[in-house]
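Trainee: Have a peek at input-v2.cif (mmCIF, C-alpha atoms).
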```
data_coords
loop_
_atom_site.label_atom_id
_atom_site.label_comp_id
_atom_site.auth_asym_id
_atom_site.auth_seq_id
_atom_site.Cartn_x
_atom_site.Cartn_y
_atom_site.Cartn_z
CA MET A 1 145.26 94.38 197.74
CA THR A 2 147.07 97.64 197.01
CA SER A 3 145.76 100.20 194.56
CA PHE A 4 148.66 99.36 192.21
CA VAL A 5 147.62 95.71 192.04
CA LEU A 6 143.99 96.74 191.64
CA ALA A 7 144.84 99.14 188.81
CA PHE A 8 146.99 96.61 186.96
CA ALA A 9 144.45 93.77 187.29
CA ALA A 10 141.48 95.96 186.34
CA THR A 11 143.28 97.45 183.32
CA LEU A 12 144.36 94.02 182.10
CA LEU A 13 140.89 92.54 182.59
CA GLU A 14 139.15 95.36 180.73
CA ARG A 15 141.62 95.24 177.88
CA ILE A 16 140.91 91.55 177.37
CA LEU A 17 137.17 91.39 178.03
CA GLY A 18 135.81 94.92 177.87
CA TYR A 19 132.41 95.27 179.50
CA PRO A 20 130.53 91.97 179.03
CA ARG A 21 127.40 92.37 176.92
CA PRO A 22 125.28 90.08 179.13
CA VAL A 23 126.08 92.27 182.15
CA LEU A 24 125.26 95.42 180.17
CA ASN A 25 121.93 93.97 179.07
CA ALA A 26 121.08 92.79 182.57
CA VAL A 27 122.01 95.73 184.78
CA GLY A 28 123.34 98.48 182.51
CA HIS A 29 126.63 100.25 183.18
CA PRO A 30 127.82 102.36 186.16
CA VAL A 31 128.15 105.42 183.92
CA MET A 32 124.55 104.92 182.82
CA TRP A 33 123.45 104.93 186.46
CA MET A 34 125.39 108.13 187.09
CA GLY A 35 123.86 109.64 183.98
CA LYS A 36 120.35 108.79 185.11
CA LEU A 37 120.89 110.56 188.44
CA ILE A 38 122.29 113.61 186.63
CA GLU A 39 119.31 113.62 184.27
CA VAL A 40 116.78 113.50 187.12
CA LEU A 41 118.51 116.28 189.06
CA GLU A 42 118.98 118.45 185.99
CA LYS A 43 115.31 118.28 185.05
CA ARG A 44 114.34 119.41 188.54
CA ALA A 45 116.95 122.12 189.04
CA ASN A 46 117.74 123.63 185.63
CA ASN A 47 114.56 125.60 185.07
CA PRO A 48 114.95 128.28 182.35
CA ALA A 49 112.71 130.56 184.41
CA LEU A 50 115.31 130.76 187.17
CA SER A 51 118.00 133.44 187.27
CA ASN A 52 121.47 132.64 185.96
CA LEU A 53 122.88 132.82 189.48
CA ARG A 54 120.26 130.42 190.83
CA ARG A 55 120.90 127.95 188.01
CA ARG A 56 124.63 128.12 188.69
CA ARG A 57 124.02 127.40 192.37
CA ASN A 58 121.69 124.54 191.49
CA GLY A 59 124.38 123.08 189.24
CA PHE A 60 126.80 123.13 192.15
CA VAL A 61 124.21 121.40 194.37
CA MET A 62 123.55 118.78 191.66
CA LEU A 63 127.26 118.03 191.41
CA THR A 64 127.58 117.80 195.20
CA ILE A 65 124.71 115.31 195.40
CA LEU A 66 126.19 113.25 192.56
CA LEU A 67 129.64 113.10 194.14
CA ALA A 68 128.31 112.41 197.63
CA THR A 69 126.15 109.58 196.32
CA THR A 70 129.03 108.13 194.30
CA ALA A 71 131.42 108.32 197.25
CA PHE A 72 128.93 106.71 199.62
CA VAL A 73 128.07 103.83 197.27
CA SER A 74 131.69 103.13 196.27
CA LEU A 75 132.96 103.23 199.86
CA LEU A 76 130.12 100.95 200.94
CA ILE A 77 131.02 98.49 198.18
CA VAL A 78 134.70 98.48 199.18
CA TRP A 79 133.84 98.01 202.85
CA THR A 80 131.39 95.18 202.06
CA LEU A 81 133.72 93.33 199.69
CA ARG A 82 136.46 93.17 202.32
CA ASP A 83 134.43 90.62 204.28
CA ILE A 84 133.28 88.51 201.32
CA PRO A 85 135.25 85.54 199.89
CA PHE A 86 136.80 86.58 196.58
CA GLY A 87 135.64 90.13 197.23
CA TRP A 88 138.95 91.26 195.72
CA ALA A 89 137.88 89.74 192.39
CA ALA A 90 134.59 91.65 192.48
CA GLN A 91 136.46 94.86 193.20
CA ILE A 92 138.76 94.26 190.23
CA PHE A 93 135.76 93.69 187.96
CA LEU A 94 133.96 96.82 189.21
CA ALA A 95 137.08 98.93 188.69
CA SER A 96 137.50 97.51 185.19
CA THR A 97 134.03 98.74 184.20
CA LEU A 98 135.22 102.34 184.60
CA ILE A 99 138.06 101.98 182.07
CA ALA A 100 137.23 102.03 178.35
CA GLN A 101 140.17 100.65 176.34
CA LYS A 102 138.40 97.95 174.37
CA GLU A 103 135.25 99.92 173.56
CA LEU A 104 137.16 103.00 172.42
CA GLY A 105 139.48 101.02 170.17
CA GLN A 106 136.58 99.15 168.59
CA ALA A 107 134.57 102.33 167.99
CA VAL A 108 137.46 104.09 166.26
CA LYS A 109 138.38 101.01 164.22
CA ALA A 110 134.77 100.92 163.00
CA VAL A 111 135.28 104.39 161.53
CA ALA A 112 138.39 103.30 159.61
CA ASP A 113 136.62 100.17 158.35
CA GLY A 114 133.53 102.16 157.37
CA LEU A 115 135.54 104.82 155.60
CA ARG A 116 137.25 102.14 153.53
CA GLU A 117 133.80 101.02 152.36
CA ASN A 118 132.47 104.47 151.50
CA LEU A 119 132.02 107.95 152.95
CA THR A 120 128.47 107.24 154.15
CA GLN A 121 129.62 104.29 156.26
CA GLY A 122 132.45 106.37 157.66
CA ARG A 123 130.09 109.19 158.61
CA HIS A 124 127.71 106.76 160.28
CA ALA A 125 130.47 105.18 162.34
CA VAL A 126 132.00 108.49 163.43
CA SER A 127 128.60 109.82 164.52
CA HIS A 128 128.77 107.40 167.46
CA ILE A 129 131.92 108.94 168.91
CA VAL A 130 131.82 112.70 168.14
CA GLY A 131 129.30 115.50 168.56
CA ARG A 132 130.04 117.34 165.32
CA ASP A 133 127.62 117.15 162.36
CA PRO A 134 128.65 113.99 160.44
CA ASP A 135 126.78 114.92 157.26
CA GLN A 136 129.08 117.90 156.80
CA LEU A 137 132.25 115.80 156.95
CA ASP A 138 134.27 114.74 153.94
CA GLU A 139 136.76 111.84 154.05
CA ASP A 140 139.40 114.00 155.72
CA GLY A 141 136.85 115.33 158.22
CA VAL A 142 135.70 111.86 159.22
CA ALA A 143 139.26 110.59 159.68
CA ARG A 144 140.29 113.73 161.56
CA ALA A 145 137.29 113.45 163.91
CA ALA A 146 138.11 109.82 164.64
CA VAL A 147 141.78 110.49 165.43
CA GLU A 148 140.94 113.51 167.61
CA SER A 149 138.32 111.51 169.50
CA LEU A 150 140.78 108.65 170.00
CA ALA A 151 143.43 111.00 171.40
CA GLU A 152 141.12 112.91 173.74
CA ASN A 153 139.30 109.83 174.99
CA THR A 154 142.56 108.01 175.67
CA SER A 155 143.02 110.65 178.36
CA ASP A 156 139.42 110.95 179.61
CA GLY A 157 138.42 107.31 179.27
CA ILE A 158 141.61 105.43 180.14
CA ILE A 159 144.60 107.30 181.55
CA ALA A 160 142.57 109.52 183.91
CA PRO A 161 140.54 106.62 185.36
CA ILE A 162 143.73 104.60 185.87
CA PHE A 163 145.43 107.62 187.45
CA TYR A 164 142.67 108.06 190.04
CA LEU A 165 142.39 104.31 190.56
CA VAL A 166 146.07 104.20 191.48
CA LEU A 167 145.78 107.21 193.78
CA PHE A 168 142.48 106.50 195.56
CA GLY A 169 141.30 103.02 194.63
CA LEU A 170 137.75 102.23 193.55
CA PRO A 171 136.19 105.34 195.15
CA GLY A 172 138.72 107.52 193.34
CA VAL A 173 137.98 106.19 189.87
CA ALA A 174 134.22 106.23 190.57
CA LEU A 175 134.34 109.88 191.59
CA TYR A 176 136.37 110.76 188.50
CA LYS A 177 133.85 109.04 186.23
CA ALA A 178 131.03 110.91 187.96
CA ILE A 179 132.78 114.23 187.32
CA ASN A 180 133.52 113.35 183.71
CA THR A 181 129.98 112.12 183.08
CA ALA A 182 128.51 115.30 184.55
CA ASP A 183 130.72 117.41 182.30
CA SER A 184 129.76 115.42 179.20
CA MET A 185 126.06 115.84 179.98
CA VAL A 186 125.75 119.39 181.33
CA GLY A 187 129.13 121.04 180.85
CA HIS A 188 128.19 122.66 177.55
CA LYS A 189 128.62 126.35 176.78
CA ASN A 190 125.11 126.93 175.46
CA GLU A 191 122.08 128.73 176.83
CA GLN A 192 120.68 125.64 178.55
CA PHE A 193 123.84 124.58 180.40
CA LEU A 194 126.20 127.57 180.54
CA ASP A 195 125.33 128.31 184.16
CA PHE A 196 123.94 125.00 185.39
CA GLY A 197 126.96 123.10 184.08
CA PHE A 198 129.56 125.65 185.19
CA ALA A 199 130.69 123.72 188.29
CA SER A 200 130.80 120.39 186.44
CA ALA A 201 132.88 121.83 183.59
CA LYS A 202 135.37 123.54 185.90
CA LEU A 203 135.82 120.48 188.12
CA ASP A 204 136.33 118.28 185.06
CA ASP A 205 139.02 120.67 183.81
CA LEU A 206 140.77 120.38 187.16
CA ALA A 207 140.43 116.59 187.34
CA ASN A 208 141.91 116.13 183.86
CA PHE A 209 144.80 118.59 184.20
CA ILE A 210 147.46 115.99 185.09
CA PRO A 211 146.04 113.00 183.12
CA ALA A 212 145.88 115.00 179.88
CA ARG A 213 149.54 115.94 180.11
CA LEU A 214 150.46 112.43 181.21
CA THR A 215 148.68 111.04 178.14
CA ALA A 216 150.65 113.36 175.88
CA ALA A 217 153.88 112.17 177.50
CA ILE A 218 152.86 108.52 177.03
CA PHE A 219 152.12 109.14 173.33
CA ALA A 220 155.44 110.89 172.88
CA LEU A 221 157.42 108.18 174.66
CA THR A 222 155.66 105.42 172.74
CA ALA A 223 156.19 107.18 169.41
CA ARG A 224 159.89 107.59 170.17
CA PHE A 225 160.35 103.81 170.02
CA THR A 226 157.87 103.09 167.20
CA PRO A 227 159.16 103.00 163.62
CA GLY A 228 157.45 105.55 161.41
CA MET A 229 156.44 107.79 164.31
CA ASP A 230 158.15 110.82 165.83
CA GLY A 231 158.33 111.11 169.60
CA GLU A 232 160.20 114.42 169.58
CA ALA A 233 157.63 116.00 167.27
CA ALA A 234 154.86 114.64 169.49
CA TRP A 235 156.18 116.36 172.61
CA ARG A 236 157.10 119.52 170.67
CA SER A 237 153.57 119.76 169.26
CA ALA A 238 152.02 119.15 172.67
CA ARG A 239 154.02 121.91 174.34
CA ARG A 240 153.55 124.36 171.46
CA ASP A 241 150.00 123.70 170.23
CA ALA A 242 148.01 122.38 173.21
CA LYS A 243 147.28 125.92 174.37
CA LEU A 244 145.62 126.68 171.03
CA HIS A 245 142.81 124.22 171.78
CA ARG A 246 139.63 125.68 173.26
CA SER A 247 139.87 123.07 176.03
CA PRO A 248 142.63 123.49 178.64
CA ASN A 249 143.30 119.75 178.53
CA ALA A 250 142.15 118.09 175.29
CA GLY A 251 144.82 119.84 173.25
CA TRP A 252 147.62 117.95 174.99
CA PRO A 253 146.82 114.40 173.80
CA GLU A 254 145.52 115.66 170.43
CA ALA A 255 148.58 117.75 169.68
CA ALA A 256 150.90 114.95 170.82
CA MET A 257 149.17 112.46 168.53
CA ALA A 258 149.31 114.92 165.63
CA GLY A 259 153.05 115.31 166.10
CA ALA A 260 153.64 111.59 166.51
CA LEU A 261 151.80 110.75 163.28
CA ASN A 262 153.08 113.77 161.29
CA ILE A 263 149.57 115.06 160.60
CA LYS A 264 147.52 118.15 161.43
CA LEU A 265 144.51 117.99 163.72
CA GLY A 266 141.97 120.63 164.70
CA GLY A 267 140.70 123.22 162.24
CA ALA A 268 137.14 124.09 161.24
CA ARG A 269 134.22 121.81 162.14
CA ASP A 270 130.42 122.04 162.41
CA TYR A 271 128.41 121.71 165.63
CA ASP A 272 124.62 122.10 165.64
CA GLY A 273 124.66 123.86 162.30
CA LYS A 274 127.38 126.32 163.31
CA THR A 275 130.92 126.32 161.92
CA LEU A 276 133.73 126.76 164.42
CA ASP A 277 137.05 127.85 162.99
CA LEU A 278 139.53 126.29 165.43
CA ALA A 279 143.30 126.36 165.43
CA THR A 280 145.29 123.50 163.93
CA MET A 281 147.78 121.37 165.88
CA GLY A 282 150.80 119.62 164.47
CA GLU A 283 152.90 120.46 161.44
CA GLY A 284 152.40 117.43 159.20
CA LYS A 285 150.15 116.68 156.25
CA ASP A 286 146.76 118.36 155.96
CA PHE A 287 144.70 115.53 154.43
CA ILE A 288 144.29 112.39 156.50
CA GLU A 289 142.50 109.16 155.68
CA ALA A 290 141.62 105.69 156.97
CA LEU A 291 145.27 104.67 156.92
CA ASP A 292 146.04 107.43 159.40
CA ILE A 293 143.31 106.14 161.71
CA ASP A 294 145.07 102.77 161.56
CA ARG A 295 148.34 104.43 162.52
CA ALA A 296 146.63 106.28 165.37
CA LEU A 297 145.20 102.99 166.60
CA LYS A 298 148.68 101.47 166.51
CA LEU A 299 150.02 104.30 168.66
CA TYR A 300 147.00 103.90 170.94
CA GLY A 301 147.52 100.16 171.37
CA LEU A 302 151.25 100.45 172.03
CA SER A 303 150.64 103.28 174.50
CA LEU A 304 148.19 101.10 176.42
CA THR A 305 150.76 98.29 176.46
CA LEU A 306 153.35 100.69 177.87
CA THR A 307 150.87 101.85 180.51
CA LEU A 308 150.05 98.27 181.45
CA ALA A 309 153.76 97.43 181.72
CA VAL A 310 154.34 100.38 184.06
CA LEU A 311 151.38 99.31 186.21
CA PHE A 312 152.80 95.77 186.35
CA VAL A 313 156.15 97.05 187.60
CA LEU A 314 154.48 99.27 190.18
CA ALA A 315 152.33 96.35 191.34
CA LEU A 316 155.45 94.20 191.77
CA ILE A 317 157.27 96.91 193.72
CA PHE A 318 154.42 98.17 195.92
CA GLY A 319 152.07 95.18 195.86
#
```
Using the file provided, produce a representation of the structure as structure tokens.
Mentor:
Amino acid sequence: MTSFVLAFAATLLERILGYPRPVLNAVGHPVMWMGKLIEVLEKRANNPALSNLRRRRNGFVMLTILLATTAFVSLLIVWTLRDIPFGWAAQIFLASTLIAQKELGQAVKAVADGLRENLTQGRHAVSHIVGRDPDQLDEDGVARAAVESLAENTSDGIIAPIFYLVLFGLPGVALYKAINTADSMVGHKNEQFLDFGFASAKLDDLANFIPARLTAAIFALTARFTPGMDGEAAWRSARRDAKLHRSPNAGWPEAAMAGALNIKLGGARDYDGKTLDLATMGEGKDFIEALDIDRALKLYGLSLTLTLAVLFVLALIFG
């Protein structure tokens, strides 16, 4: 089974089924296992009493252990499944667990549905997908947070995993998820993680460089053929405004989505009681609402369909 066939089958399976709840309840999720290892290593190696240089070195060692463990386990699984009847099916399922189409779409839809009920419900729903202070968000802030999270996580949670699955098979997507999980847990620019998470944050930036730009291109191409959306504005916003984002990668899918939907994203938001005055992306309307989340979800769904169609063609050609 080629990596193209594996990527197409895993993406299709996850889009239909997601991650089965009985499996989650029984054994957890691969990202949870990675997170547990990171947590154990971080507690042992990120001692505030250590020098900044020592903590930075320990963070590099932690990341090396995580990646080595992930590579060993994933390669062992691939090697074992080759000699087992229907091992290809198990490999497809395992790869599908590292893609997050269904879960992301459901989480963002819950924000739109909650916001239509009342602001409190919207804040509660958005608190599950963003790190900013939900109690400080008005209707526009909740909707903006949901759309931004959808755009960024389309890259981190879907396009990037598929990209590395196509390139390197199951070990490739597993290693990417390990890098991304490490960044989400320790790659923060605060006193606790600034040095310890340095290596994780930098490697995540590198790993997401191509997928982030690819996601922006997918949004722009999809919007070009979707009534009511603007593909040219999407690509123009991505090229012009992505560099304004504090992340070297997240600005690409966010700016592209802003342009496609004719809205503005970014701007001021609160984290841990502190207000960050960030640049805006896009040149459309300032106030967004639940209806705009619906439109973002439409662009998201059509973009995933386009991605799946491309994977199908590649699987036919190279399978």
Trainee: May I have the residues within 12 Å of A:Leu203 as a list in words, using only C-alpha atoms and disregarding those fewer than 3 positions away in the same chain?
Mentor: Gly59, Phe60, Leu63, Thr64, Leu67, Leu175, Tyr176, Lys177, Ala178, Ile179, Asn180, Thr181, Ala182, Asp183, Ser184, Gly187, Gly197, Phe198, Ala199, Ser200, Leu206, Ala207, Asn208 and Phe209 of chain A
Trainee: Need to verify the contact set: A:Ser3, 7 Å, only C-alpha atoms, exclusion of same-chain residues closer than 5 positions in sequence. Can you return it as a PyMOL selection string?
Mentor: chain A and resi 165-166+169
Trainee: Can you list what the PyMOL selection byres ((chain A and resi 225-232) around 12) grabs from this structure, as number ranges by chain?
Mentor: A: 216-224, 233-239, 255-263, 282-284, 292, 295-296, 298-303, 306
Trainee: Could you write out as a PyMOL selection string the residues that the PyMOL selection byres ((chain A and resi 94) around 10) matches in the shown file?
Mentor: chain A and resi 10+19+30+74+77+88-93+95-99+170+174
Trainee: From the set A:Leu137, A:Ala7, A:Ala143, A:His128, which residue has the shortest atom-to-atom contact distance to A:Ala112, counting only C-alpha atoms?
Mentor: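 Checking each of A:Leu137, A:Ala7, A:Ala143, A:His128 against A:Ala112, counting only C-alpha atoms, the winner is A:Ala143.
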Trainee: Could you tell me which residues the PyMOL selection byres ((chain A and resi 5) around 8) returns for this structure, as a ChimeraX atom specification?
Mentor: /A:1-4,6-9,311-312,314-316,319
Trainee: Give me the box for stretch 13-20 of chain A as AutoDock Vina command-line options, namely the centre and edge lengths in Å to one decimal of a box along x, y and z that holds every listed atom plus 3 Å on each side.
Mentor:
```
--center_x 136.1 --center_y 93.4 --center_z 180.0 --size_x 17.1 --size_y 10.0 --size_z 11.2
```
Trainee: If you measure from atom CA of A:Met281 to atom CA of A:Gln121, what distance in Å do you get, rounded to one decimal?
Mentor: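 Answer for the atom CA of A:Met281 to atom CA of A:Gln121 separation: 26.7 Å.
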Trainee: When you look at A:Ala212 with a cut-off of 10 Å (counting all atoms listed in the file), what residues show up, excluding the ones that are within fewer than 4 positions of it in the same chain? I need them as a list in words.
Mentor: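 Within the cut-off, the hits are Ala151, Glu152, Asn153, Thr154, Ser155, Asp156, Ile159, Ala160, Asp205, Ala207, Asn208, Ala216, Ala217, Ile218, Pro248, Asn249, Ala250, Gly251, Trp252, Pro253 and Glu254 of chain A.
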Trainee: Report the distance between atom CA of A:Thr120 and atom CA of A:Asp277 in Å, rounded to one decimal place.
Mentor: 24.0 Å
Trainee: Mind giving me the straight-line distance from atom CA of A:Tyr164 to atom CA of A:Phe196 in Å, one decimal?
Mentor: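 Straight-line distance from atom CA of A:Tyr164 to atom CA of A:Phe196 works out to 25.7 Å.
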Trainee: Report as a VMD selection string all protein, DNA and RNA residues lying within 7 Å of A:Gln101, evaluated on all atoms listed in the file, omitting residues in the same chain fewer than 5 positions from it.
Mentor: chain A and resid 14 to 15 158
Trainee: From the options A:Ala242, A:Val111, A:Ile162, A:Gln136, which residue's atoms come nearest to A:His124, counting all atoms listed in the file?
Mentor: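 That would be A:Val111, the residue with the smallest distance to A:His124.
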Trainee: Because the input lacks atoms here, generate all heavy atoms for stretch 21-32 of chain A and report them as a PDB file, in the coordinates of the input.
Mentor:
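The result, stored in selection00.pdb:
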```pdb
ATOM      1  N   ARG A  21     128.730  92.021 177.428  1.00  0.00           N
ATOM      2  CA  ARG A  21     127.400  92.370 176.920  1.00  0.00           C
ATOM      3  C   ARG A  21     126.267  91.827 177.772  1.00  0.00           C
ATOM      4  O   ARG A  21     125.285  92.536 178.015  1.00  0.00           O
ATOM      5  CB  ARG A  21     127.282  91.862 175.477  1.00  0.00           C
ATOM      6  CG  ARG A  21     125.936  92.142 174.817  1.00  0.00           C
ATOM      7  CD  ARG A  21     125.651  93.608 174.645  1.00  0.00           C
ATOM      8  NE  ARG A  21     126.657  94.277 173.839  1.00  0.00           N
ATOM      9  CZ  ARG A  21     126.585  95.562 173.496  1.00  0.00           C
ATOM     10  NH1 ARG A  21     125.570  96.311 173.913  1.00  0.00           N
ATOM     11  NH2 ARG A  21     127.543  96.106 172.755  1.00  0.00           N
ATOM     12  N   PRO A  22     126.367  90.586 178.275  1.00  0.00           N
ATOM     13  CA  PRO A  22     125.280  90.080 179.130  1.00  0.00           C
ATOM     14  C   PRO A  22     125.074  90.925 180.392  1.00  0.00           C
ATOM     15  O   PRO A  22     123.940  91.129 180.838  1.00  0.00           O
ATOM     16  CB  PRO A  22     125.741  88.659 179.489  1.00  0.00           C
ATOM     17  CG  PRO A  22     126.634  88.267 178.369  1.00  0.00           C
ATOM     18  CD  PRO A  22     127.350  89.518 177.982  1.00  0.00           C
ATOM     19  N   VAL A  23     126.188  91.419 180.966  1.00  0.00           N
ATOM     20  CA  VAL A  23     126.080  92.270 182.150  1.00  0.00           C
ATOM     21  C   VAL A  23     125.437  93.605 181.774  1.00  0.00           C
ATOM     22  O   VAL A  23     124.580  94.132 182.500  1.00  0.00           O
ATOM     23  CB  VAL A  23     127.469  92.504 182.783  1.00  0.00           C
ATOM     24  CG1 VAL A  23     127.360  93.439 183.996  1.00  0.00           C
ATOM     25  CG2 VAL A  23     128.106  91.181 183.188  1.00  0.00           C
ATOM     26  N   LEU A  24     125.843  94.154 180.638  1.00  0.00           N
ATOM     27  CA  LEU A  24     125.260  95.420 180.170  1.00  0.00           C
ATOM     28  C   LEU A  24     123.762  95.279 179.963  1.00  0.00           C
ATOM     29  O   LEU A  24     122.971  96.146 180.376  1.00  0.00           O
ATOM     30  CB  LEU A  24     125.935  95.848 178.872  1.00  0.00           C
ATOM     31  CG  LEU A  24     125.408  97.132 178.235  1.00  0.00           C
ATOM     32  CD1 LEU A  24     125.680  98.327 179.141  1.00  0.00           C
ATOM     33  CD2 LEU A  24     126.050  97.346 176.859  1.00  0.00           C
ATOM     34  N   ASN A  25     123.343  94.180 179.327  1.00  0.00           N
ATOM     35  CA  ASN A  25     121.930  93.970 179.070  1.00  0.00           C
ATOM     36  C   ASN A  25     121.135  93.740 180.346  1.00  0.00           C
ATOM     37  O   ASN A  25     119.956  94.107 180.441  1.00  0.00           O
ATOM     38  CB  ASN A  25     121.739  92.777 178.127  1.00  0.00           C
ATOM     39  CG  ASN A  25     122.297  93.037 176.738  1.00  0.00           C
ATOM     40  OD1 ASN A  25     122.441  94.190 176.323  1.00  0.00           O
ATOM     41  ND2 ASN A  25     122.636  91.979 176.019  1.00  0.00           N
ATOM     42  N   ALA A  26     121.789  93.137 181.335  1.00  0.00           N
ATOM     43  CA  ALA A  26     121.080  92.790 182.570  1.00  0.00           C
ATOM     44  C   ALA A  26     120.953  93.963 183.528  1.00  0.00           C
ATOM     45  O   ALA A  26     119.869  94.208 184.081  1.00  0.00           O
ATOM     46  CB  ALA A  26     121.798  91.614 183.258  1.00  0.00           C
ATOM     47  N   VAL A  27     122.035  94.685 183.740  1.00  0.00           N
ATOM     48  CA  VAL A  27     122.010  95.730 184.780  1.00  0.00           C
ATOM     49  C   VAL A  27     122.479  97.096 184.277  1.00  0.00           C
ATOM     50  O   VAL A  27     122.523  98.055 185.054  1.00  0.00           O
ATOM     51  CB  VAL A  27     122.877  95.323 185.989  1.00  0.00           C
ATOM     52  CG1 VAL A  27     122.349  94.057 186.614  1.00  0.00           C
ATOM     53  CG2 VAL A  27     124.349  95.155 185.592  1.00  0.00           C
ATOM     54  N   GLY A  28     122.838  97.212 183.000  1.00  0.00           N
ATOM     55  CA  GLY A  28     123.340  98.480 182.510  1.00  0.00           C
ATOM     56  C   GLY A  28     124.805  98.670 182.852  1.00  0.00           C
ATOM     57  O   GLY A  28     125.538  97.701 183.066  1.00  0.00           O
ATOM     58  N   HIS A  29     125.229  99.911 182.933  1.00  0.00           N
ATOM     59  CA  HIS A  29     126.630 100.250 183.180  1.00  0.00           C
ATOM     60  C   HIS A  29     126.692 101.327 184.257  1.00  0.00           C
ATOM     61  O   HIS A  29     125.795 102.174 184.334  1.00  0.00           O
ATOM     62  CB  HIS A  29     127.268 100.760 181.882  1.00  0.00           C
ATOM     63  CG  HIS A  29     128.750 100.953 181.963  1.00  0.00           C
ATOM     64  ND1 HIS A  29     129.330 102.066 182.546  1.00  0.00           N
ATOM     65  CD2 HIS A  29     129.789 100.173 181.548  1.00  0.00           C
ATOM     66  CE1 HIS A  29     130.642 101.964 182.478  1.00  0.00           C
ATOM     67  NE2 HIS A  29     130.949 100.825 181.875  1.00  0.00           N
ATOM     68  N   PRO A  30     127.726 101.325 185.107  1.00  0.00           N
ATOM     69  CA  PRO A  30     127.820 102.360 186.160  1.00  0.00           C
ATOM     70  C   PRO A  30     127.686 103.784 185.636  1.00  0.00           C
ATOM     71  O   PRO A  30     127.063 104.631 186.289  1.00  0.00           O
ATOM     72  CB  PRO A  30     129.201 102.112 186.757  1.00  0.00           C
ATOM     73  CG  PRO A  30     129.440 100.657 186.559  1.00  0.00           C
ATOM     74  CD  PRO A  30     128.810 100.327 185.240  1.00  0.00           C
ATOM     75  N   VAL A  31     128.258 104.076 184.480  1.00  0.00           N
ATOM     76  CA  VAL A  31     128.150 105.420 183.920  1.00  0.00           C
ATOM     77  C   VAL A  31     126.701 105.735 183.550  1.00  0.00           C
ATOM     78  O   VAL A  31     126.245 106.882 183.674  1.00  0.00           O
ATOM     79  CB  VAL A  31     129.080 105.585 182.710  1.00  0.00           C
ATOM     80  CG1 VAL A  31     128.807 106.897 181.982  1.00  0.00           C
ATOM     81  CG2 VAL A  31     130.539 105.527 183.152  1.00  0.00           C
ATOM     82  N   MET A  32     125.964 104.727 183.121  1.00  0.00           N
ATOM     83  CA  MET A  32     124.550 104.920 182.820  1.00  0.00           C
ATOM     84  C   MET A  32     123.773 105.261 184.080  1.00  0.00           C
ATOM     85  O   MET A  32     122.868 106.115 184.059  1.00  0.00           O
ATOM     86  CB  MET A  32     123.974 103.663 182.158  1.00  0.00           C
ATOM     87  CG  MET A  32     124.568 103.335 180.810  1.00  0.00           C
ATOM     88  SD  MET A  32     124.143 101.665 180.208  1.00  0.00           S
ATOM     89  CE  MET A  32     122.349 101.773 180.150  1.00  0.00           C
TER      90      MET A  32
END
```
